[in-house]
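Raw structure.txt, compact mmCIF, C-alpha atoms and all ligand atoms:
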# COMPACT_ATOMS: atom_id res chain seq x y z
CA MET X 284 1.51 6.93 -7.44
CA HIS X 285 1.23 3.23 -8.16
CA GLU X 286 -2.42 3.68 -7.23
CA LEU X 287 -3.08 4.72 -10.82
CA SER X 288 -1.87 1.33 -12.04
CA ILE X 289 -3.99 -0.25 -9.35
CA VAL X 290 -7.11 1.59 -10.46
CA MET X 291 -6.45 0.69 -14.09
CA SER X 292 -6.23 -2.96 -13.13
CA ILE X 293 -9.50 -2.64 -11.24
CA ILE X 294 -11.16 -1.10 -14.29
CA GLU X 295 -9.81 -3.88 -16.48
CA ILE X 296 -11.08 -6.61 -14.17
CA ALA X 297 -14.49 -4.98 -13.70
CA GLU X 298 -15.10 -4.30 -17.41
CA LYS X 299 -14.05 -7.79 -18.39
CA GLN X 300 -16.38 -9.35 -15.84
CA ALA X 301 -19.27 -7.07 -16.71
CA LYS X 302 -18.94 -7.74 -20.42
CA ALA X 303 -18.69 -11.46 -19.87
CA ALA X 304 -22.01 -11.21 -18.05
CA ASN X 305 -23.49 -9.21 -20.93
CA ALA X 306 -24.08 -6.30 -18.62
CA SER X 307 -23.99 -2.75 -19.86
CA VAL X 308 -23.87 -0.92 -16.57
CA ILE X 309 -21.80 -1.45 -13.45
CA GLU X 310 -23.93 0.03 -10.73
CA GLU X 311 -21.73 -0.92 -7.83
CA ILE X 312 -18.23 -2.19 -7.23
CA GLU X 313 -17.11 -3.68 -3.95
CA LEU X 314 -13.42 -3.75 -3.07
CA ASP X 315 -11.50 -5.42 -0.26
CA ILE X 316 -8.48 -3.36 0.75
CA GLY X 317 -6.38 -4.41 3.71
CA THR X 318 -4.64 -1.85 5.87
CA LEU X 319 -1.27 -3.41 4.95
CA SER X 320 -2.04 -3.67 1.23
CA GLY X 321 0.34 -0.84 0.34
CA VAL X 322 -2.43 1.29 -1.09
CA ALA X 323 -2.74 4.86 0.16
CA MET X 324 -6.44 5.63 0.30
CA ASP X 325 -6.15 9.31 -0.59
CA ALA X 326 -3.95 8.49 -3.57
CA LEU X 327 -6.43 5.81 -4.61
CA GLU X 328 -9.25 8.33 -4.47
CA PHE X 329 -7.29 10.78 -6.59
CA ALA X 330 -6.30 8.14 -9.12
CA TRP X 331 -9.88 6.85 -9.22
CA GLN X 332 -11.31 10.21 -10.23
CA GLN X 333 -8.74 10.47 -13.02
CA ALA X 334 -8.92 6.98 -14.35
CA VAL X 335 -12.58 5.96 -14.36
CA LYS X 336 -13.68 8.68 -16.77
CA GLN X 337 -15.29 7.16 -19.85
CA THR X 338 -15.11 3.67 -18.44
CA MET X 339 -17.89 1.47 -17.13
CA LEU X 340 -16.92 2.54 -13.62
CA GLN X 341 -17.45 6.22 -14.25
CA ASP X 342 -20.72 6.42 -12.37
CA SER X 343 -20.46 3.30 -10.27
CA LEU X 344 -21.02 3.37 -6.58
CA ARG X 345 -17.82 2.27 -4.87
CA LYS X 346 -17.86 0.31 -1.68
CA ILE X 347 -14.59 -0.34 0.12
CA ASN X 348 -14.20 -2.91 2.88
CA ARG X 349 -11.18 -1.94 4.92
CA ILE X 350 -9.72 -5.14 6.31
CA GLU X 351 -7.74 -4.64 9.47
CA ALA X 352 -4.44 -6.43 9.70
CA LYS X 353 -3.97 -9.38 12.02
CA ALA X 354 -0.87 -11.35 12.83
CA LYS X 355 0.14 -14.43 14.75
CA CYS X 356 3.31 -14.45 16.80
CA LEU X 357 5.56 -17.28 15.68
CA ASP X 358 7.07 -17.52 19.14
CA CYS X 359 4.04 -17.71 21.39
CA ASP X 360 1.10 -18.16 18.98
CA THR X 361 -0.73 -15.05 20.19
CA GLU X 362 -3.05 -13.57 17.56
CA PHE X 363 -3.43 -9.81 17.54
CA THR X 364 -4.30 -6.77 15.46
CA ILE X 365 -1.37 -4.92 13.93
CA GLU X 366 -1.11 -1.50 12.42
CA LYS X 367 2.46 -1.64 11.16
CA TYR X 368 4.90 -4.35 10.17
CA ASP X 369 7.21 -3.48 13.04
CA ASP X 370 4.55 -3.95 15.73
CA ALA X 371 5.71 -6.32 18.45
CA CYS X 372 3.76 -9.20 19.88
CA PRO X 373 1.80 -7.79 22.85
CA ALA X 374 2.37 -11.00 24.80
CA CYS X 375 6.08 -11.68 24.37
CA GLY X 376 7.50 -8.64 22.56
CA GLU X 377 8.88 -10.59 19.60
CA HIS X 378 8.73 -9.43 15.98
CA LEU X 379 8.65 -12.72 14.15
CA LEU X 380 5.08 -12.58 12.90
CA ASN X 381 2.93 -14.35 10.44
CA ILE X 382 0.56 -11.89 8.79
CA LEU X 383 -2.87 -13.51 8.78
CA GLN X 384 -4.85 -10.80 7.02
CA GLY X 385 -4.61 -7.17 5.98
CA LYS X 386 -2.73 -7.46 2.67
CA GLU X 387 -5.90 -7.93 0.63
CA LEU X 388 -6.36 -5.95 -2.53
CA ARG X 389 -9.16 -7.41 -4.57
CA VAL X 390 -12.32 -6.79 -6.48
CA LYS X 391 -14.89 -8.58 -4.37
CA SER X 392 -18.09 -8.13 -6.30
CA LEU X 393 -19.95 -6.13 -8.91
CA LEU X 394 -23.57 -5.20 -9.15
CA VAL X 395 -24.35 -5.01 -12.84
CA SER X 396 -27.38 -4.57 -15.02
CA MET Q 2 -1.54 9.21 -25.20
CA CYS Q 3 -4.59 7.15 -24.63
CA ALA Q 4 -7.73 9.11 -23.96
CA THR Q 5 -9.50 6.37 -22.09
CA CYS Q 6 -7.09 5.60 -19.35
CA GLY Q 7 -4.69 8.55 -19.60
CA CYS Q 8 -1.73 6.34 -20.37
CA ASP Q 9 0.53 9.35 -20.32
CA SER Q 10 0.31 9.11 -16.61
CA GLY Q 11 0.01 5.38 -16.72
CA SER Q 12 2.10 2.80 -18.38
CA LYS Q 13 3.46 4.02 -21.68
CA SER Q 14 6.99 2.84 -21.73
CA THR Q 15 9.88 2.88 -24.16
CA PHE Q 16 12.58 0.26 -24.55
CA TYR Q 17 16.16 0.86 -25.68
CA LEU Q 18 18.50 -2.04 -26.22
CA LEU Q 19 22.07 -0.83 -25.91
CA ASP Q 20 24.75 -2.95 -27.43
CA ASN Q 21 28.39 -2.14 -28.00
CA ASP Q 22 28.39 -4.20 -31.18
CA GLN Q 23 25.49 -2.27 -32.63
CA PRO Q 24 25.96 1.46 -32.15
CA GLN Q 25 22.36 2.24 -33.15
CA HIS Q 26 19.96 2.19 -30.28
CA GLY Q 27 17.24 -0.34 -30.63
CA TYR Q 28 13.93 1.39 -30.16
CA ILE Q 29 10.54 0.03 -29.42
CA GLN Q 30 7.62 1.99 -28.20
CA SER Q 31 4.83 0.09 -26.71
CA HIS Q 32 1.61 0.44 -24.94
CA SER Q 33 2.15 -2.31 -22.55
CA HIS Q 34 -0.87 -2.59 -20.36
CA GLY Q 35 -3.37 -5.27 -21.00
CA HIS Q 36 -6.79 -3.74 -21.09
CA ASP Q 37 -8.52 -3.22 -24.39
CA HIS Q 38 -10.23 0.02 -24.98
CA SER Q 39 -13.36 -0.97 -26.74
CA HIS Q 40 -15.76 0.60 -24.34
CA SER Q 41 -18.74 -0.55 -26.29
CA HIS Q 42 -21.35 1.37 -24.43
CA SER Q 43 -24.25 -0.15 -26.20
CA ASP Q 44 -27.31 1.98 -26.57
CA ASP Q 45 -29.39 0.09 -24.04
CA HIS Q 46 -29.29 3.11 -21.85
CA LEU Q 47 -30.54 5.86 -24.04
CA HIS Q 48 -33.59 5.83 -21.88
CA GLN Q 49 -33.31 7.72 -18.63
CA HIS Q 50 -34.71 5.84 -15.74
CA SER Q 51 -33.93 6.08 -12.13
CA HIS Q 52 -32.32 3.01 -10.71
CA ASP Q 53 -34.08 3.59 -7.45
CA ASP Q 54 -37.13 1.85 -8.80
CA HIS Q 55 -35.10 -1.32 -9.08
CA GLN Q 56 -35.17 -1.70 -5.36
CA GLY Q 57 -38.67 -3.07 -5.59
CA LEU Q 58 -38.45 -6.64 -6.75
CA LEU Q 59 -41.51 -6.66 -8.92
CA HIS Q 60 -41.88 -3.91 -11.39
CA ASP Q 61 -42.50 -3.87 -15.04
CA HIS Q 62 -40.10 -2.38 -17.48
CA SER Q 63 -41.70 -0.37 -20.15
CA HIS Q 64 -38.69 -0.78 -22.42
CA GLN Q 65 -37.98 -4.04 -24.22
CA HIS Q 66 -34.66 -5.45 -23.04
CA PRO Q 67 -34.49 -7.62 -19.99
CA HIS Q 68 -32.78 -5.41 -17.52
CA GLN Q 69 -31.80 -7.51 -14.58
CA ARG Q 70 -29.53 -6.57 -11.80
CA THR Q 71 -27.00 -9.23 -11.07
CA VAL Q 72 -24.33 -9.56 -8.46
CA ILE Q 73 -21.08 -10.98 -9.83
CA ASP Q 74 -18.84 -12.53 -7.20
CA VAL Q 75 -15.52 -11.54 -8.67
CA GLU Q 76 -13.12 -12.25 -5.78
CA GLN Q 77 -10.15 -11.38 -7.95
CA ASP Q 78 -6.81 -10.07 -6.80
CA VAL Q 79 -6.21 -6.67 -8.37
CA LEU Q 80 -2.57 -7.57 -9.00
CA HIS Q 81 -3.54 -10.93 -10.45
CA GLN Q 82 -2.37 -10.08 -13.98
CA ASN Q 83 0.95 -8.70 -12.76
CA ASN Q 84 1.48 -11.73 -10.55
CA LEU Q 85 0.70 -14.12 -13.39
CA LEU Q 86 3.24 -12.53 -15.69
CA ALA Q 87 5.75 -12.38 -12.83
CA GLU Q 88 5.37 -16.14 -12.40
CA ARG Q 89 5.89 -16.55 -16.11
CA ASN Q 90 9.10 -14.52 -15.90
CA ARG Q 91 10.19 -16.54 -12.89
CA GLY Q 92 9.64 -19.77 -14.79
CA TYR Q 93 11.70 -18.46 -17.69
CA PHE Q 94 14.53 -17.41 -15.35
CA ASP Q 95 14.49 -20.76 -13.58
CA ALA Q 96 14.55 -22.70 -16.83
CA LYS Q 97 17.58 -20.76 -18.02
CA ASN Q 98 19.19 -20.70 -14.61
CA ILE Q 99 19.20 -16.91 -14.58
CA LEU Q 100 19.48 -15.24 -11.18
CA ALA Q 101 17.19 -12.20 -11.42
CA LEU Q 102 17.61 -9.50 -8.78
CA ASN Q 103 15.32 -6.51 -8.37
CA LEU Q 104 17.21 -3.48 -7.01
CA VAL Q 105 15.03 -0.89 -5.33
CA SER Q 106 15.85 2.36 -3.52
CA SER Q 107 15.09 6.06 -3.31
CA PRO Q 108 16.56 8.12 -6.14
CA GLY Q 109 20.32 8.42 -5.75
CA SER Q 110 21.02 5.78 -3.11
CA GLY Q 111 23.60 4.24 -5.38
CA LYS Q 112 21.93 1.46 -7.38
CA THR Q 113 23.78 2.22 -10.59
CA SER Q 114 27.06 2.86 -8.74
CA LEU Q 115 26.78 -0.55 -7.07
CA LEU Q 116 26.14 -2.17 -10.44
CA GLU Q 117 29.11 -0.40 -12.06
CA ARG Q 118 31.42 -1.60 -9.31
CA THR Q 119 30.04 -5.12 -9.35
CA LEU Q 120 30.13 -5.52 -13.11
CA ASN Q 121 33.71 -4.28 -13.33
CA ASP Q 122 34.92 -6.36 -10.39
CA LEU Q 123 33.12 -9.62 -11.21
CA LYS Q 124 32.92 -9.70 -14.98
CA GLY Q 125 35.69 -12.29 -15.06
CA ASP Q 126 33.73 -14.60 -12.73
CA LEU Q 127 30.07 -14.30 -13.73
CA ARG Q 128 27.96 -13.42 -16.76
CA PHE Q 129 25.68 -10.42 -16.38
CA ALA Q 130 22.86 -8.59 -18.09
CA VAL Q 131 21.10 -5.47 -16.86
CA ILE Q 132 17.65 -3.95 -17.23
CA GLU Q 133 17.56 -0.28 -16.26
CA GLY Q 134 14.31 1.40 -15.25
CA ASP Q 135 14.03 5.18 -15.21
CA GLN Q 136 11.28 7.59 -16.11
CA GLN Q 137 13.51 9.36 -18.61
CA THR Q 138 16.98 9.16 -20.24
CA THR Q 139 19.34 6.30 -21.01
CA ASN Q 140 21.97 7.75 -18.65
CA ASP Q 141 22.07 4.73 -16.38
CA ALA Q 142 22.15 2.29 -19.31
CA ASP Q 143 25.03 4.28 -20.79
CA ARG Q 144 26.93 3.87 -17.52
CA ILE Q 145 26.29 0.12 -17.57
CA LEU Q 146 27.26 -0.13 -21.23
CA ALA Q 147 30.60 1.44 -20.36
CA THR Q 148 31.36 -1.67 -18.29
CA ASP Q 149 30.79 -3.75 -21.43
CA THR Q 150 27.63 -5.37 -20.14
CA ARG Q 151 24.52 -6.11 -22.17
CA VAL Q 152 21.87 -3.64 -21.05
CA LEU Q 153 18.34 -2.61 -21.88
CA GLN Q 154 16.86 0.69 -20.74
CA ILE Q 155 13.16 0.99 -19.99
CA ASN Q 156 11.79 4.51 -19.82
CA THR Q 157 8.52 4.45 -17.96
CA GLY Q 158 7.51 8.02 -18.79
CA LYS Q 159 5.45 9.11 -15.81
CA GLY Q 160 5.27 5.55 -14.48
CA CYS Q 161 6.80 5.26 -11.03
CA HIS Q 162 7.70 1.55 -11.05
CA LEU Q 163 8.50 -1.37 -13.33
CA ASP Q 164 5.93 -4.12 -13.74
CA SER Q 165 6.15 -7.73 -14.83
CA GLN Q 166 4.81 -7.00 -18.31
CA MET Q 167 7.67 -4.56 -18.94
CA ILE Q 168 10.17 -7.16 -17.78
CA LEU Q 169 8.61 -9.77 -20.04
CA GLN Q 170 9.05 -7.48 -23.04
CA ALA Q 171 12.50 -6.38 -21.95
CA VAL Q 172 13.73 -9.95 -21.55
CA GLN Q 173 12.46 -10.88 -25.00
CA GLN Q 174 14.73 -8.22 -26.47
CA LEU Q 175 17.65 -8.48 -24.08
CA LYS Q 176 17.84 -12.27 -24.22
CA PRO Q 177 20.04 -12.72 -21.15
CA ALA Q 178 22.40 -15.71 -21.40
CA GLU Q 179 21.79 -18.97 -19.58
CA ASN Q 180 23.51 -19.24 -16.19
CA SER Q 181 23.81 -15.47 -15.91
CA VAL Q 182 22.90 -12.85 -13.32
CA LEU Q 183 20.21 -10.39 -14.41
CA PHE Q 184 20.16 -7.12 -12.48
CA ILE Q 185 16.94 -5.15 -12.74
CA GLU Q 186 17.41 -1.59 -11.49
CA ASN Q 187 13.93 -0.35 -10.64
CA VAL Q 188 12.78 3.26 -10.86
CA GLY Q 189 14.21 5.26 -7.93
CA ASN Q 190 11.24 5.18 -5.55
CA LEU Q 191 10.91 3.51 -2.18
CA VAL Q 192 7.12 3.17 -2.32
CA CYS Q 193 5.58 2.20 -5.63
CA PRO Q 194 7.81 -0.70 -6.76
CA ALA Q 195 7.05 -2.60 -3.54
CA MET Q 196 3.76 -4.05 -4.77
CA PHE Q 197 4.92 -5.21 -8.17
CA ASP Q 198 6.52 -8.62 -8.35
CA LEU Q 199 8.71 -8.74 -11.45
CA GLY Q 200 9.51 -12.44 -11.19
CA GLU Q 201 12.79 -11.79 -9.42
CA LYS Q 202 14.50 -14.34 -7.20
CA GLU Q 203 15.59 -11.75 -4.64
CA ARG Q 204 14.66 -8.17 -3.93
CA VAL Q 205 17.51 -5.95 -2.78
CA VAL Q 206 16.67 -2.65 -1.09
CA ILE Q 207 19.42 -0.05 -0.92
CA ILE Q 208 19.55 2.90 1.44
CA SER Q 209 22.38 5.35 1.86
CA VAL Q 210 23.56 6.92 5.08
CA THR Q 211 22.69 10.40 3.81
CA GLU Q 212 18.98 9.57 3.72
CA GLY Q 213 18.29 9.55 7.44
CA ASP Q 214 17.99 6.56 9.70
CA ASP Q 215 14.20 6.41 9.79
CA LYS Q 216 13.86 5.06 6.23
CA PRO Q 217 12.78 1.52 7.20
CA LEU Q 218 10.01 2.80 9.48
CA LYS Q 219 8.84 5.32 6.90
CA TYR Q 220 8.77 2.85 4.01
CA PRO Q 221 8.01 -0.49 5.66
CA ASP Q 222 6.51 -2.22 2.61
CA MET Q 223 9.79 -2.18 0.74
CA PHE Q 224 11.74 -3.56 3.68
CA HIS Q 225 9.07 -6.14 4.34
CA THR Q 226 9.26 -7.52 0.79
CA SER Q 227 13.06 -7.47 0.38
CA THR Q 228 15.50 -10.22 1.26
CA LEU Q 229 18.67 -8.14 1.39
CA CYS Q 230 19.22 -4.57 2.56
CA ILE Q 231 22.36 -2.77 1.49
CA ILE Q 232 23.38 0.28 3.49
CA ASN Q 233 25.51 2.30 1.06
CA LYS Q 234 27.83 5.29 1.31
CA THR Q 235 29.34 4.24 4.64
CA ASP Q 236 32.36 6.39 3.72
CA LEU Q 237 30.14 9.37 4.62
CA LEU Q 238 29.29 8.14 8.12
CA PRO Q 239 31.72 10.56 9.79
CA TYR Q 240 29.89 13.50 8.23
CA VAL Q 241 26.21 12.69 8.74
CA PRO Q 242 24.08 11.80 11.73
CA PHE Q 243 23.05 8.25 10.94
CA ASP Q 244 22.58 5.65 13.64
CA ILE Q 245 23.42 2.50 11.73
CA GLU Q 246 22.52 0.19 14.63
CA LYS Q 247 19.12 1.81 14.93
CA VAL Q 248 18.47 1.33 11.22
CA LYS Q 249 19.42 -2.31 11.40
CA LEU Q 250 17.23 -2.85 14.45
CA ASN Q 251 14.21 -1.17 12.85
CA ALA Q 252 14.68 -2.97 9.55
CA LYS Q 253 14.82 -6.27 11.42
CA LYS Q 254 11.65 -5.43 13.33
CA ILE Q 255 9.84 -4.98 10.04
CA ASN Q 256 11.41 -8.04 8.48
CA PRO Q 257 13.25 -10.42 10.83
CA HIS Q 258 14.56 -12.42 7.85
CA LEU Q 259 16.22 -9.42 6.22
CA GLU Q 260 19.97 -9.74 5.65
CA ILE Q 261 21.94 -6.50 5.94
CA ILE Q 262 25.24 -5.55 4.32
CA GLU Q 263 27.02 -2.24 4.91
CA LEU Q 264 29.27 -0.99 2.15
CA SER Q 265 30.64 1.94 0.23
CA CYS Q 266 30.71 1.97 -3.54
CA THR Q 267 33.22 4.81 -3.39
CA SER Q 268 35.80 3.36 -0.99
CA GLY Q 269 35.03 -0.27 -1.77
CA GLU Q 270 34.67 -1.09 1.90
CA GLY Q 271 32.20 -3.94 2.46
CA LEU Q 272 31.94 -4.85 -1.23
CA PRO Q 273 33.45 -8.33 -0.67
CA LEU Q 274 30.47 -9.17 1.58
CA TRP Q 275 28.09 -8.25 -1.21
CA TYR Q 276 30.08 -10.27 -3.74
CA GLU Q 277 30.01 -13.23 -1.39
CA TRP Q 278 26.26 -12.92 -1.00
CA LEU Q 279 25.81 -12.69 -4.77
CA LYS Q 280 27.98 -15.73 -5.47
CA SER Q 281 26.19 -17.76 -2.83
CA LYS Q 282 22.89 -17.03 -4.61
CA VAL Q 283 24.35 -18.02 -7.96
CA LEU Q 284 25.52 -21.28 -6.44
CA THR Q 285 22.11 -21.92 -4.92
CA VAL Q 286 20.48 -21.41 -8.28
CA ALA Q 287 22.97 -23.64 -10.06
CA VAL Q 288 22.38 -26.50 -7.65
CA SER Q 289 18.59 -26.37 -7.51
N1 LIG X 401 30.16 9.21 -1.10
C1 LIG X 401 29.57 8.24 -1.77
N2 LIG X 401 28.82 8.56 -2.86
C2 LIG X 401 28.22 7.56 -3.54
C3 LIG X 401 28.36 6.21 -3.17
N3 LIG X 401 27.62 5.45 -4.01
C4 LIG X 401 27.07 6.30 -4.90
N4 LIG X 401 27.42 7.58 -4.63
C5 LIG X 401 27.01 8.79 -5.35
O1 LIG X 401 25.62 8.96 -5.22
C6 LIG X 401 25.07 9.56 -6.40
C7 LIG X 401 23.91 8.73 -6.92
O2 LIG X 401 24.39 7.45 -7.29
P1 LIG X 401 23.65 6.53 -8.37
O3 LIG X 401 24.41 5.27 -8.45
O4 LIG X 401 23.43 7.28 -9.63
O5 LIG X 401 22.26 6.32 -7.64
P2 LIG X 401 20.96 5.56 -8.18
O6 LIG X 401 20.34 4.88 -7.02
O7 LIG X 401 21.30 4.73 -9.35
O8 LIG X 401 20.05 6.80 -8.64
P3 LIG X 401 18.71 6.78 -9.55
O9 LIG X 401 18.93 5.79 -10.66
O10 LIG X 401 18.62 8.18 -10.04
O11 LIG X 401 17.61 6.40 -8.64
C8 LIG X 401 26.23 9.65 -7.38
O12 LIG X 401 26.72 10.96 -7.34
C9 LIG X 401 27.23 8.68 -6.84
O13 LIG X 401 28.55 9.03 -7.16
C10 LIG X 401 29.17 5.91 -2.00
O14 LIG X 401 29.34 4.75 -1.58
N5 LIG X 401 29.73 6.96 -1.36
MG MG X 402 20.44 4.64 -11.25
ZN ZN X 403 2.96 4.97 -6.18
ZN ZN X 404 4.53 -13.59 21.11
ZN ZN X 405 -4.79 2.90 -22.90
ZN ZN X 406 -3.08 3.08 -20.37
Any chance you could put this one into structure tokens?
Ligand SMILES: Nc1nc2c(ncn2[C@@H]2O[C@H](COP(=O)(O)OP(=O)(O)OP(=O)(O)O)[C@@H](O)[C@H]2O)c(=O)[nH]1
Ligand SMILES: [Mg+2]
Ligand SMILES: [Zn+2]
Ligand SMILES: [Zn+2]
Ligand SMILES: [Zn+2]
Ligand SMILES: [Zn+2]
Amino acid sequence: MHELSIVMSIIEIAEKQAKAANASVIEEIELDIGTLSGVAMDALEFAWQQAVKQTMLQDSLRKINRIEAKAKCLDCDTEFTIEKYDDACPACGEHLLNILQGKELRVKSLLVS
Amino acid sequence: MCATCGCDSGSKSTFYLLDNDQPQHGYIQSHSHGHDHSHSHSDDHLHQHSHDDHQGLLHDHSHQHPHQRTVIDVEQDVLHQNNLLAERNRGYFDAKNILALNLVSSPGSGKTSLLERTLNDLKGDLRFAVIEGDQQTTNDADRILATDTRVLQINTGKGCHLDSQMILQAVQQLKPAENSVLFIENVGNLVCPAMFDLGEKERVVIISVTEGDDKPLKYPDMFHTSTLCIINKTDLLPYVPFDIEKVKLNAKKINPHLEIIELSCTSGEGLPLWYEWLKSKVLTVAVS
């Protein structure tokens, strides 16, 4: 359950940013989470409920942008969507891939007041 | 226990420095995560108002404080803090020419056994220090200490992985020698440690033949982020169904750069390959 550490980092980042902006309420938090980020969404949800109590994120609306993973084949340059690291290039069948996106795990924005 | 973030299930960790010269265990308890807990909920919000009315751009607040909604473009990596401290550790290791290796596996794949063998067999050739990560007990550190190696045990409590902050603190106490090899045995867990860079030079994932040959496909993140995969307990191959070629193929599909070494800590078969790999990394570090 590393998702608990993840959520605690999110809280830390959000509170720091909100306080720096002299805000007292975080109304909304927007997260980018790639499908290859290593975060299990159900575990994140569980950890979230536990961890945000008595923090500025307790009542915040949470918006998650799921970013689908894309890769480029290093052999034939084809770009394609991948679900798993062991997916093969649909054009040539090779596995030597450059992951272009899908590993994101970041706090994108906050709506504060 | 910290009421705000529930550190009991978070990152309360304990450090024990074990040293043959000093029979008393060093003991430091720390609350190692970075956030401060001053949740100064100022009283601006004693008033109850619905935020729906903020949708309209022009409306007058009856209360005094300016109450503007602002979007903050944060764009910050959630693991930013861990990655920063990992880079700091990496810089420290580089400066002292310390080869730091992060050993990860499921519980019981043989991380500590591999270290015991290695430390005993190579202690004439290389200098070592070890950081042990477990949720509870100093059992593994005791086993390392028996090989006469400097060792520090981190107990993570309920924490399921080591992080770079723990390593920073551990290294400050352990003070590994210059030009040495630092083994970091992570908490037995093939999932959680994958995301946490400790500042290591190489990540070594260990699986054993008793675990089933679908491990790489089930836990791809760990195989994707490792540079070496050790397949341990090959002495048991005659007794368990384990298609070693299939494992290698699948692991390579996930990570084409992954090196693979098969060995048995019990019989010693394959250990020379591992020692060769280790020494080649030490050489690389020494030259760079
Ligand atoms: N047959 C056989 N048993 C082994 C081998 N290597 C380790 N073992 C046994 O596997 C068990 C677990 O080994 P450990 O070295 O404690 O495993 P670990 O990965 O450090 O375990 P945790 O720290 O609990 O995650 C022990 O009973 C070892 O004796 C091997 O090569 N062959
Ligand atoms: Mg162990
Ligand atoms: Zn986890
Ligand atoms: Zn291709
Ligand atoms: Zn706390
Ligand atoms: Zn905490």
Exercise. Work out how far atom CA of Thr150 of chain Q is from atom CA of Phe129 of chain Q, in Å to one decimal.
Key: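 For atom CA of Phe129 of chain Q relative to atom CA of Thr150 of chain Q, the distance reads 6.6 Å.
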Exercise. Using all atoms listed in the file, determine which residues lie at most 10 Å from Ile350 of chain X, disregarding the query and same-chain residues fewer than 5 positions distant; provide the list as a count of residues only.
Key: 11
Quiz item: What gap, in Å, lies between atom CA of Glu246 of chain Q and atom CA of Thr228 of chain Q?
Solution: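 One can read the atom CA of Glu246 of chain Q to atom CA of Thr228 of chain Q distance as 18.3 Å.
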Quiz prompt | Q:Tyr93, Q:Phe197, Q:Phe184, Q:Trp275 ranked by distance to chain X, top pick (using all atoms listed in the file) | solution =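 Closest to chain X of all the choices is Q:Phe197.
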Self-check item: Protein/DNA/RNA residues near (25.9, -11.1, -1.9), cut 10 Å, all atoms listed in the file, as a list in words
Solution: Val205, Leu229, Ile231, Glu260, Ile261, Ile262, Leu272, Pro273, Leu274, Trp275, Tyr276, Glu277, Trp278, Leu279, Lys280, Ser281, Lys282 and Val283 of chain Q
Quiz item: Can you list, as a list of chain:residue names, every protein, DNA or RNA residue that comes within 7 Å of Val308 of chain X when you count all atoms listed in the file, leaving out same-chain residues fewer than 6 positions away?
Solution: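 The contact residues come out as X:Met339, X:Val395, X:Ser396.
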Residues of chain X that approach ligand ZN 403 (chain X) to 6 Å or less, counting all atoms listed in the file: could you list each one with the shortest pair of atoms and its distance in Å to one decimal, rows by chain and increasing residue number, as JSON lines?
{"residue": "X:Met284", "atom": "CA", "partner": "X:ZN403", "partner_atom": "ZN", "distance": 2.7}
{"residue": "X:His285", "atom": "CA", "partner": "X:ZN403", "partner_atom": "ZN", "distance": 3.2}
{"residue": "X:Glu286", "atom": "CA", "partner": "X:ZN403", "partner_atom": "ZN", "distance": 5.6}
Practice problem: Could the residues that lie within 10 Å of ligand ZN 404 (chain X), counting all atoms listed in the file, be listed as a list in words? | Solution: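 Taking all atoms listed in the file into account, the residues around ligand ZN 404 (chain X) at most 10 Å away are Lys355, Cys356, Leu357, Asp358, Cys359, Asp360, Thr361, Glu362, Phe363, Ala371, Cys372, Pro373, Ala374, Cys375, Gly376, Glu377, His378, Leu379 and Leu380 of chain X.
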Exercise. Work out how far apart atom CA of Glu117 of chain Q and atom CA of Cys266 of chain Q are and give it in Å to one decimal.
Key: 9.0 Å
Practice problem: Would you please work out which residue, of Q:Pro221, Q:Gly189, Q:Pro108, Q:Gly200, is nearest to Lys367 of chain X when using all atoms listed in the file? | Solution: Q:Pro221
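Distance check against chain X using all atoms listed in the file: of Q:Asp135, Q:Asp164, Q:Asp141, Q:Asp95, the minimum falls on Q:Asp164.
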Quiz item: Taking all atoms listed in the file into account, which residues of chain X are within 7 Å of chain Q, as a PyMOL selection string?
Solution: chain X and resi 284-285+287-289+292-293+295+307+321+334+337-338+368-369+378-379+388-396
Selected residues written out, C-alpha atoms, as a CSV table (one decimal), in the coordinates of the input:
chain,number,residue,atom,x,y,z
X,284,MET,CA,1.5,6.9,-7.4
X,285,HIS,CA,1.2,3.2,-8.2
X,287,LEU,CA,-3.1,4.7,-10.8
X,288,SER,CA,-1.9,1.3,-12.0
X,289,ILE,CA,-4.0,-0.2,-9.4
X,292,SER,CA,-6.2,-3.0,-13.1
X,293,ILE,CA,-9.5,-2.6,-11.2
X,295,GLU,CA,-9.8,-3.9,-16.5
X,307,SER,CA,-24.0,-2.8,-19.9
X,321,GLY,CA,0.3,-0.8,0.3
X,334,ALA,CA,-8.9,7.0,-14.4
X,337,GLN,CA,-15.3,7.2,-19.8
X,338,THR,CA,-15.1,3.7,-18.4
X,368,TYR,CA,4.9,-4.4,10.2
X,369,ASP,CA,7.2,-3.5,13.0
X,378,HIS,CA,8.7,-9.4,16.0
X,379,LEU,CA,8.6,-12.7,14.2
X,388,LEU,CA,-6.4,-6.0,-2.5
X,389,ARG,CA,-9.2,-7.4,-4.6
X,390,VAL,CA,-12.3,-6.8,-6.5
X,391,LYS,CA,-14.9,-8.6,-4.4
X,392,SER,CA,-18.1,-8.1,-6.3
X,393,LEU,CA,-20.0,-6.1,-8.9
X,394,LEU,CA,-23.6,-5.2,-9.2
X,395,VAL,CA,-24.4,-5.0,-12.8
X,396,SER,CA,-27.4,-4.6,-15.0
Quiz item: Which residues form the shell of 9 Å around ligand MG 402 (chain X) when you count only C-alpha atoms and all ligand atoms, given as a PyMOL selection string?
Solution: chain Q and resi 108-114+116+133-135+140-142+186-189
Quiz item: From the list Q:Leu175, Q:Ser107, Q:Gln170, Q:Asp122, which residue is nearest Asp20 of chain Q when using only C-alpha atoms?
Solution: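 Of all the options, Q:Leu175 lies closest to Asp20 of chain Q.
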